[in-house]
Structures are given as structure tokens and as C-alpha cells.
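Chemist: If it helps, the file is called target28.csv and holds CSV, C-alpha atoms:
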chain,number,residue,atom,x,y,z
A,163,MET,CA,120.4,107.0,126.4
A,164,LEU,CA,116.7,107.5,126.7
A,165,ASN,CA,114.4,105.1,124.9
A,166,ILE,CA,112.5,107.4,122.5
A,167,PRO,CA,109.2,106.0,121.2
A,168,LYS,CA,108.3,106.1,117.5
A,169,SER,CA,106.0,109.0,118.1
A,170,LEU,CA,105.9,111.9,120.6
A,171,SER,CA,103.2,114.0,122.2
A,172,VAL,CA,103.4,117.8,121.6
A,173,SER,CA,104.7,118.2,125.2
A,174,GLN,CA,107.4,115.6,124.6
A,175,ALA,CA,108.5,117.2,121.3
A,176,ALA,CA,108.6,120.6,122.9
A,177,ALA,CA,110.7,119.4,125.8
A,178,LEU,CA,113.2,117.6,123.5
A,179,CYS,CA,113.5,120.6,121.1
A,180,LYS,CA,113.6,123.1,124.0
A,181,VAL,CA,110.8,125.2,122.6
A,182,GLY,CA,107.3,126.0,123.9
A,183,ARG,CA,104.2,123.8,123.3
A,184,THR,CA,102.7,126.6,121.3
A,185,THR,CA,105.7,126.5,118.9
A,186,VAL,CA,105.3,122.8,118.3
A,187,GLY,CA,101.5,123.3,118.0
A,188,TYR,CA,102.2,125.9,115.3
A,189,TRP,CA,104.4,123.5,113.4
A,190,VAL,CA,101.6,120.9,113.4
A,191,ARG,CA,98.8,123.3,112.5
A,192,SER,CA,100.8,124.9,109.7
A,193,LYS,CA,101.6,121.4,108.4
A,194,LYS,CA,105.3,122.0,108.8
A,195,VAL,CA,105.3,118.8,110.9
A,196,PHE,CA,102.9,115.9,110.2
A,197,ALA,CA,101.0,114.6,113.3
A,198,ASN,CA,98.4,111.9,113.8
A,199,ARG,CA,95.3,113.1,115.7
A,200,GLU,CA,94.3,110.9,118.6
A,201,GLY,CA,91.1,112.3,120.1
A,202,ARG,CA,91.9,115.8,121.2
A,203,ASN,CA,95.7,115.3,121.2
A,204,TYR,CA,98.4,114.9,118.5
A,205,ARG,CA,101.2,112.3,118.2
A,206,ILE,CA,104.2,113.4,116.1
A,207,PRO,CA,106.2,110.6,114.4
A,208,VAL,CA,109.8,111.0,115.3
A,209,GLU,CA,110.8,110.6,111.6
A,210,ASP,CA,108.7,113.6,110.7
A,211,LEU,CA,110.1,115.7,113.5
A,212,LEU,CA,113.6,114.8,112.5
A,213,HIS,CA,112.9,115.6,108.8
A,214,PHE,CA,111.5,119.0,109.8
A,215,LEU,CA,114.4,119.9,112.1
A,216,LYS,CA,117.0,118.9,109.6
A,217,SER,CA,115.4,120.5,106.6
A,218,SER,CA,114.8,123.8,108.4
A,219,GLY,CA,118.4,123.9,109.8
A,220,GLN,CA,117.4,123.6,113.5
A,221,PRO,CA,119.5,121.7,116.0
A,222,ILE,CA,118.5,118.0,116.4
A,223,PRO,CA,118.2,116.8,120.0
A,224,PRO,CA,120.9,114.2,120.7
A,225,GLU,CA,118.2,111.8,122.1
A,226,LEU,CA,116.6,111.7,118.6
A,227,VAL,CA,119.8,110.9,116.8
A,228,ASN,CA,120.0,107.5,118.4
A,229,GLY,CA,119.0,104.9,115.8
A,230,HIS,CA,118.9,107.4,113.0
A,231,ALA,CA,122.6,108.2,112.6
A,232,GLY,CA,124.1,107.5,109.2
A,233,ARG,CA,120.9,106.9,107.3
A,234,PRO,CA,118.6,109.2,105.3
A,235,ILE,CA,115.6,110.6,107.1
A,236,PHE,CA,112.3,110.7,105.2
A,237,LYS,CA,108.8,111.8,106.2
A,238,THR,CA,106.5,109.0,107.3
A,239,PHE,CA,103.9,108.0,104.8
A,240,GLN,CA,100.6,109.8,104.8
A,241,SER,CA,97.8,109.7,102.2
A,242,CYS,CA,97.6,112.5,99.6
A,243,TRP,CA,94.1,113.5,100.9
A,244,THR,CA,95.6,113.9,104.4
A,245,PHE,CA,98.6,115.8,103.1
A,246,TRP,CA,96.4,118.3,101.1
A,247,GLY,CA,93.3,118.3,103.3
A,248,GLY,CA,91.9,121.7,104.3
A,249,ASN,CA,94.8,123.9,103.2
A,250,GLY,CA,93.3,125.6,100.1
A,251,SER,CA,95.6,123.8,97.7
A,252,GLY,CA,93.0,123.4,95.0
A,253,HIS,CA,92.9,119.6,95.3
A,254,VAL,CA,89.4,118.2,95.1
A,255,CYS,CA,90.0,115.0,97.0
A,256,GLU,CA,86.4,114.0,97.5
A,257,GLN,CA,85.9,113.7,93.8
A,258,CYS,CA,89.2,111.8,93.2
A,259,THR,CA,89.5,108.1,92.5
A,260,ALA,CA,92.5,107.8,94.8
A,261,PHE,CA,90.4,109.1,97.7
A,262,ARG,CA,87.3,107.1,97.0
A,263,ARG,CA,89.2,103.8,96.6
A,264,GLN,CA,91.8,104.7,99.3
A,265,ILE,CA,94.7,104.2,96.9
A,266,GLU,CA,97.8,105.1,98.8
A,267,ASP,CA,100.1,105.5,95.8
A,268,CYS,CA,97.7,108.0,94.3
A,269,PHE,CA,99.5,108.5,91.0
A,270,ARG,CA,98.3,105.0,89.9
A,271,ALA,CA,94.8,106.7,89.6
A,272,ARG,CA,95.9,109.2,86.9
A,273,ASP,CA,94.9,106.9,84.0
A,274,SER,CA,91.3,106.8,85.2
A,275,GLY,CA,90.8,110.5,84.3
A,276,GLN,CA,89.1,111.0,87.7
A,277,SER,CA,92.0,112.6,89.5
A,278,GLY,CA,91.3,115.6,91.8
A,279,CYS,CA,94.8,117.0,91.4
A,280,PRO,CA,95.4,120.4,89.8
A,281,GLN,CA,98.9,119.6,88.6
A,282,THR,CA,101.0,116.8,87.3
A,283,CYS,CA,102.8,114.3,89.6
A,284,ARG,CA,106.1,115.8,88.4
A,285,GLU,CA,105.0,119.2,89.8
A,286,CYS,CA,103.4,117.8,92.9
A,287,ARG,CA,105.0,118.5,96.3
A,288,TYR,CA,103.3,115.5,97.9
A,289,TYR,CA,104.8,113.1,95.3
A,290,HIS,CA,108.3,114.7,95.6
A,291,GLU,CA,108.3,114.6,99.5
A,292,THR,CA,106.6,111.3,100.1
A,293,PHE,CA,107.7,109.1,97.2
A,294,LEU,CA,110.4,110.6,94.9
A,295,ALA,CA,112.6,111.5,97.9
A,296,ARG,CA,112.9,107.8,98.7
A,297,PHE,CA,114.3,106.8,95.3
A,298,GLN,CA,115.9,109.9,93.9
A,299,PHE,CA,119.1,107.9,93.8
A,300,ILE,CA,118.0,106.3,90.5
A,301,HIS,CA,119.0,109.6,88.8
A,302,GLN,CA,122.6,108.9,89.7
A,303,ILE,CA,122.5,105.5,87.9
A,304,SER,CA,123.9,105.7,84.4
A,305,VAL,CA,121.8,102.9,82.8
A,306,PRO,CA,118.0,102.8,82.6
A,307,ALA,CA,116.6,102.4,86.1
A,308,ALA,CA,113.0,102.4,87.4
A,309,VAL,CA,111.3,101.8,90.7
A,310,PHE,CA,108.0,99.8,90.8
A,311,ARG,CA,105.7,98.2,93.3
A,312,ASP,CA,102.6,96.1,92.7
A,313,LEU,CA,103.3,96.0,89.0
A,314,SER,CA,103.1,99.8,88.7
A,315,ILE,CA,106.1,102.1,88.0
A,316,TRP,CA,106.7,104.8,90.6
A,317,GLY,CA,109.3,106.6,88.6
A,318,GLY,CA,112.2,106.2,86.3
A,319,ASN,CA,115.4,108.0,85.4
A,320,PRO,CA,115.9,109.9,82.1
A,321,ALA,CA,117.7,106.8,80.7
A,322,TRP,CA,114.7,104.6,81.3
A,323,ALA,CA,112.4,107.2,79.7
A,324,ALA,CA,114.7,107.3,76.6
A,325,LEU,CA,114.7,103.5,76.5
A,326,CYS,CA,110.9,103.5,76.2
A,327,ASP,CA,110.6,106.6,74.0
A,328,LEU,CA,108.4,108.2,76.7
A,329,PRO,CA,108.5,111.5,78.6
A,330,GLU,CA,109.8,110.9,82.1
A,331,GLU,CA,106.6,112.3,83.6
A,332,SER,CA,104.5,109.7,81.9
A,333,LEU,CA,106.4,106.8,83.6
A,334,ILE,CA,104.8,107.8,87.0
A,335,GLY,CA,102.0,105.4,87.7
A,336,ILE,CA,102.2,103.5,84.4
A,337,GLY,CA,101.5,99.7,84.5
A,338,ILE,CA,104.6,97.6,84.1
A,339,GLU,CA,102.7,95.7,81.3
A,340,LYS,CA,102.9,98.8,79.2
A,341,ILE,CA,106.7,99.0,79.2
A,342,ILE,CA,107.5,95.3,79.2
A,343,HIS,CA,106.8,93.6,75.8
A,344,PRO,CA,104.1,90.9,76.0
A,345,GLN,CA,106.6,88.4,74.9
A,346,SER,CA,108.7,89.0,78.0
A,347,LEU,CA,105.9,89.5,80.6
A,348,PRO,CA,105.9,85.8,81.7
A,349,ALA,CA,109.6,85.8,82.4
A,350,VAL,CA,109.3,89.0,84.5
A,351,ILE,CA,106.3,87.7,86.5
A,352,SER,CA,108.1,84.4,87.0
A,353,THR,CA,111.1,86.2,88.5
A,354,LEU,CA,108.9,88.3,90.8
A,355,LYS,CA,107.0,85.2,92.0
A,356,ARG,CA,110.3,83.4,92.7
A,357,MET,CA,111.7,86.3,94.6
A,358,SER,CA,108.6,86.5,96.8
A,359,LEU,CA,108.5,82.8,97.6
A,360,GLU,CA,112.2,82.3,98.1
A,361,GLU,CA,113.0,85.7,99.6
A,362,LYS,CA,116.0,86.1,97.4
A,363,ALA,CA,118.0,89.3,97.4
A,364,GLY,CA,117.3,89.9,93.7
A,365,GLY,CA,118.3,88.5,90.4
A,366,ALA,CA,118.2,88.6,86.6
A,367,THR,CA,115.2,87.9,84.6
A,368,GLY,CA,117.4,87.3,81.6
A,369,PRO,CA,117.1,88.8,78.2
A,370,ILE,CA,113.7,90.6,77.8
A,371,PHE,CA,112.1,93.0,75.4
A,372,ILE,CA,111.1,96.6,76.4
A,373,ASN,CA,108.4,98.4,74.5
A,374,ALA,CA,109.8,101.4,72.7
A,375,ARG,CA,107.1,103.5,71.1
A,376,GLN,CA,109.2,104.8,68.2
A,377,ARG,CA,111.6,101.9,67.6
A,378,GLY,CA,109.5,98.8,68.5
A,379,LYS,CA,110.7,96.3,71.1
A,380,ARG,CA,114.3,96.6,72.4
A,381,ALA,CA,116.3,93.7,73.9
A,382,VAL,CA,118.0,94.2,77.3
A,383,ASP,CA,119.2,92.1,80.2
A,384,ALA,CA,116.9,93.0,83.1
A,385,TRP,CA,117.8,92.9,86.8
A,386,VAL,CA,115.3,93.2,89.7
A,387,ILE,CA,116.6,94.3,93.1
A,388,PRO,CA,114.5,94.7,96.3
A,389,LEU,CA,114.7,98.1,98.0
A,390,LEU,CA,114.6,98.7,101.8
A,391,GLU,CA,112.9,102.1,101.1
A,392,PRO,CA,110.2,102.4,99.9
A,393,GLU,CA,109.1,99.2,101.6
A,394,GLY,CA,108.0,96.6,99.1
A,395,ALA,CA,109.4,98.5,96.1
A,396,LEU,CA,111.8,97.0,93.6
A,397,LEU,CA,114.6,98.5,91.4
A,398,LEU,CA,114.4,97.5,87.8
A,399,LEU,CA,117.6,97.9,85.8
A,400,ALA,CA,117.9,97.5,82.0
A,401,MET,CA,121.5,96.4,81.4
A,402,PRO,CA,123.5,96.0,78.2
A,403,PRO,CA,124.1,92.3,77.6
A,404,GLY,CA,126.8,90.8,79.8
A,405,ALA,CA,127.0,93.8,82.2
A,406,ASP,CA,127.3,93.5,86.0
A,407,ALA,CA,124.2,94.9,87.7
A,408,GLY,CA,126.0,95.0,91.1
A,409,ALA,CA,128.7,97.3,89.8
A,410,VAL,CA,126.1,99.8,88.6
A,411,ALA,CA,123.5,99.6,91.4
A,412,GLY,CA,126.1,99.4,94.2
Take the structure in the file and write it out as C-alpha cells.
Modeler:
Amino acid sequence: MLNIPKSLSVSQAAALCKVGRTTVGYWVRSKKVFANREGRNYRIPVEDLLHFLKSSGQPIPPELVNGHAGRPIFKTFQSCWTFWGGNGSGHVCEQCTAFRRQIEDCFRARDSGQSGCPQTCRECRYYHETFLARFQFIHQISVPAAVFRDLSIWGGNPAWAALCDLPEESLIGIGIEKIIHPQSLPAVISTLKRMSLEEKAGGATGPIFINARQRGKRAVDAWVIPLLEPEGALLLLAMPPGADAGAVAG
């Protein structure tokens, strides 16, 4: 089996896919396949090539299957301004807080009122392909479930939105301090610190209170579980008292 690098030149990708260099060049220029520019040449991440081939129904070269069999294939991360740059999408990136401050999870900049996006995150193709695709599984969980990183929610399922009395769209980018009641924030932060220091697989924060806009604070048992993808993100479950988080998340 060939040792395939993490990225390929246009010529390498063309040879593996048994197509011409001009075809691969078109994939890159039309943004069907993401590529990093290195001087006058392009390097195509293997993950992005695999994602394109699979989503477009094209055969996947057996050499590329090695190491990727049996697991989901996602596009590699790229910033929103790279994703939208120069394609007439209506995004005004140079005036956007995310671009100016180089905020990778750009939806966190929404609250500033200085976003250059013409649509909501829920309608955004970049958000769906780069972020939501990686934790779409939370919509298969029956109890309230949300994903967060760096104390910002990346998204939640309808059950979590109902728990907080918020539209699902408004969860994207909201600070965790806005959904965890101030009385319970010390317990949550203590759990996160313990996990980071002891490298635990996850654990319960115990009984905490969630802010519910219409009904005041609501008591739940909270569980925090690290995710492999997206890297550094955490799954937050709000369980009925005495429930087994492993049975629900597994």
C-alpha cells in the first residue's frame, strides 16, 4: 500500500483519480475542492478530495481509502473568508469582525453587530459544511444536547432549544454563561478545569440550573463529554435526574 501524504499536488490528485490535470484544476478553481496555495502551486488536502469524490458520487481510489475506512469524512477546516473569498457570494469579509480579528469560529462574532454575512448561520453553507456536519449527530439524541468550545455554544438540538426557551438558530455562537444560570457557573467551570488538568474522558457536573427565558431557571443533571471531532469541542447533555448519560450518548 502506498504511503499517501496528508495533501496532494494537482498532478498527484489527477493521477490517483485517473483524470487530467485540467480537470483537477477546474475542481480547485470552481471551489469544488479546497486547496492551499503554495507559491504558484496548489496542495489539496486528502480529506477534501475524499469528501468531494464521495459527495459527488465518483469512485474513490483505493490508495486513498487506507486510513479513512469506517469513519466519517469531513472537509478540512478553512476560515470563512477563505471559503467565501472572491466568489461573488455577497459576503463583505473585510468589514467583518471575524475577519479583522481572525476568529475561526466566525459565528461567535454575530453578537457584535459587525458581521459581514448576508444570511443567518442556520442558512449558511459554510457553517453547515465546516461545523454542523461534524456534530449533526446531536439531532439524534433524545435529551437536550449541545456542542461547545471555548465557552461558546456551536449548536444545539431542538430539545436543548426548548429547554432554554430559545429558537435553535439563536444557540449558534451564544456564550455558555447566557444559558447556564449564574448560580451554577462555578460548578461547570470547575468541571471543565478538572477535565483539562486530569485529561478525564468526561463527567458529571452534578445538578445545575439552566436559564429558561419563559420559565426561569430549570434544574437538570449535566454531563460534559469530550468529542474527537471537532477537535477541542465538548458535548453537553442535560439529563433528567438519575439518568445514565452513557446510555443516551453512546
Chemist: Kindly assemble as CSV a list of the segment 235-279 of chain A residues that lie within 10 Å of segment 296-310 of chain A, each paired with its nearest atom pair and their distance in Å to one decimal, using only C-alpha atoms, sorted first by chain and then by ascending residue number.
Modeler:
residue,atom,partner,partner_atom,distance
A:Ile235,CA,A:Arg296,CA,9.3
A:Phe236,CA,A:Arg296,CA,7.1
A:Lys237,CA,A:Arg296,CA,9.4
Chemist: With distances taken over all atoms listed in the file, which of A:Ala400, A:Ile334, A:Leu328, A:Leu215 is nearest to His290 of chain A?
Modeler: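 Between A:Ala400, A:Ile334, A:Leu328, A:Leu215, the residue approaching His290 of chain A most closely is A:Ile334.
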Chemist: Residues near Arg377 of chain A, anyone? I mean within 10 Å using only C-alpha atoms, not counting same-chain ones fewer than 2 positions away, as a list in words.
Modeler: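 After dropping sequence-adjacent residues, the list is Leu325, Cys326, Asp327, Asn373, Ala374, Arg375, Lys379 and Arg380 of chain A.
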Chemist: Please produce a file of those selected residues containing C-alpha atoms, as a tab-separated table (two decimals), keeping the file's coordinate frame.
Modeler:
chain	number	residue	atom	x	y	z
A	325	LEU	CA	114.70	103.50	76.50
A	326	CYS	CA	110.90	103.50	76.20
A	327	ASP	CA	110.60	106.60	74.00
A	373	ASN	CA	108.40	98.40	74.50
A	374	ALA	CA	109.80	101.40	72.70
A	375	ARG	CA	107.10	103.50	71.10
A	379	LYS	CA	110.70	96.30	71.10
A	380	ARG	CA	114.30	96.60	72.40
Chemist: Which residues are close to segment 348-355 of chain A, i.e. within 9 Å by all atoms listed in the file, leaving aside same-chain residues fewer than 2 positions away? Reply as a list of chain:residue names.
Modeler: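 Result of the neighbour search: A:Ile342, A:Pro344, A:Gln345, A:Ser346, A:Met357, A:Ser358, A:Leu359, A:Glu360, A:Gly364, A:Gly365, A:Ala366, A:Thr367, A:Gly368, A:Ile370, A:Ala384, A:Val386.
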Chemist: By how many Å are atom CA of Ser241 of chain A and atom CA of Phe269 of chain A apart?
Modeler: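 One can read the atom CA of Ser241 of chain A to atom CA of Phe269 of chain A distance as 11.4 Å.
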Chemist: Using all atoms listed in the file for the distances, tell me which of A:Ala323, A:Ala295, A:Val382, A:Leu212 is nearest to Ser169 of chain A.
Modeler: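 The shortest atom-to-atom distance to Ser169 of chain A comes from A:Leu212.
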Chemist: Which residue, A:Pro280, A:Pro207, A:Pro167, A:Pro223, has the smallest gap to Cys179 of chain A when you use all atoms listed in the file?
Modeler: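 Using all atoms listed in the file, the shortest distance to Cys179 of chain A belongs to A:Pro223.
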Chemist: Taking 3 positions as the minimum chain separation for residues in the same chain, which residues sit within 7 Å of Ile338 of chain A when counting all atoms listed in the file? Answer as a ChimeraX atom specification.
Modeler: /A:313-315,341-342
Chemist: Restricted to C-alpha atoms, what would the selected residues look like written as a PDB file, keeping the file's coordinate frame?
Modeler:
ATOM      1  CA  LEU A 313     103.300  96.000  89.000  1.00  0.00           C
ATOM      2  CA  SER A 314     103.100  99.800  88.700  1.00  0.00           C
ATOM      3  CA  ILE A 315     106.100 102.100  88.000  1.00  0.00           C
ATOM      4  CA  ILE A 341     106.700  99.000  79.200  1.00  0.00           C
ATOM      5  CA  ILE A 342     107.500  95.300  79.200  1.00  0.00           C
TER       6      ILE A 342
END
Chemist: Excluding segment 187-190 of chain A and its own-chain neighbours fewer than 2 positions away, which residues fall within 10 Å of it when counting all atoms listed in the file? Please give them as JSON, numbers by chain.
Modeler: {"A": [172, 173, 175, 176, 182, 183, 184, 185, 192, 193, 194, 195, 196, 197, 198, 204, 205, 206, 211, 214]}
Chemist: Hey, which of A:Gly335, A:Gly275, A:Gly378, A:Pro392 ends up closest to Cys258 of chain A? Count only C-alpha atoms.
Modeler: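 Comparing A:Gly335, A:Gly275, A:Gly378, A:Pro392 against Cys258 of chain A, the winner is A:Gly275.
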Chemist: Atom CA of Gly318 of chain A and atom CA of Leu333 of chain A, how far apart in Å?
Modeler: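 Value for the atom CA of Leu333 of chain A-atom CA of Gly318 of chain A distance: 6.4 Å.
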Chemist: For a test of reading the model, state the distance in Å between atom CA of Leu347 of chain A and atom CA of Cys283 of chain A, rounded to one decimal.
Modeler: 26.6 Å
Chemist: For each of A:Asp273, A:Phe371, A:Ser251, A:Asp312, take the minimum atom-to-atom distance to Gly394 of chain A, counting all atoms listed in the file, then give the residue where this is smallest.
Modeler: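 Closest candidate: A:Asp312.
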Chemist: Select, from A:Pro234, A:Cys255, A:Leu294, A:Cys268, the residue with the minimum atom-to-atom distance to Lys216 of chain A, counting only C-alpha atoms.
Modeler: A:Pro234
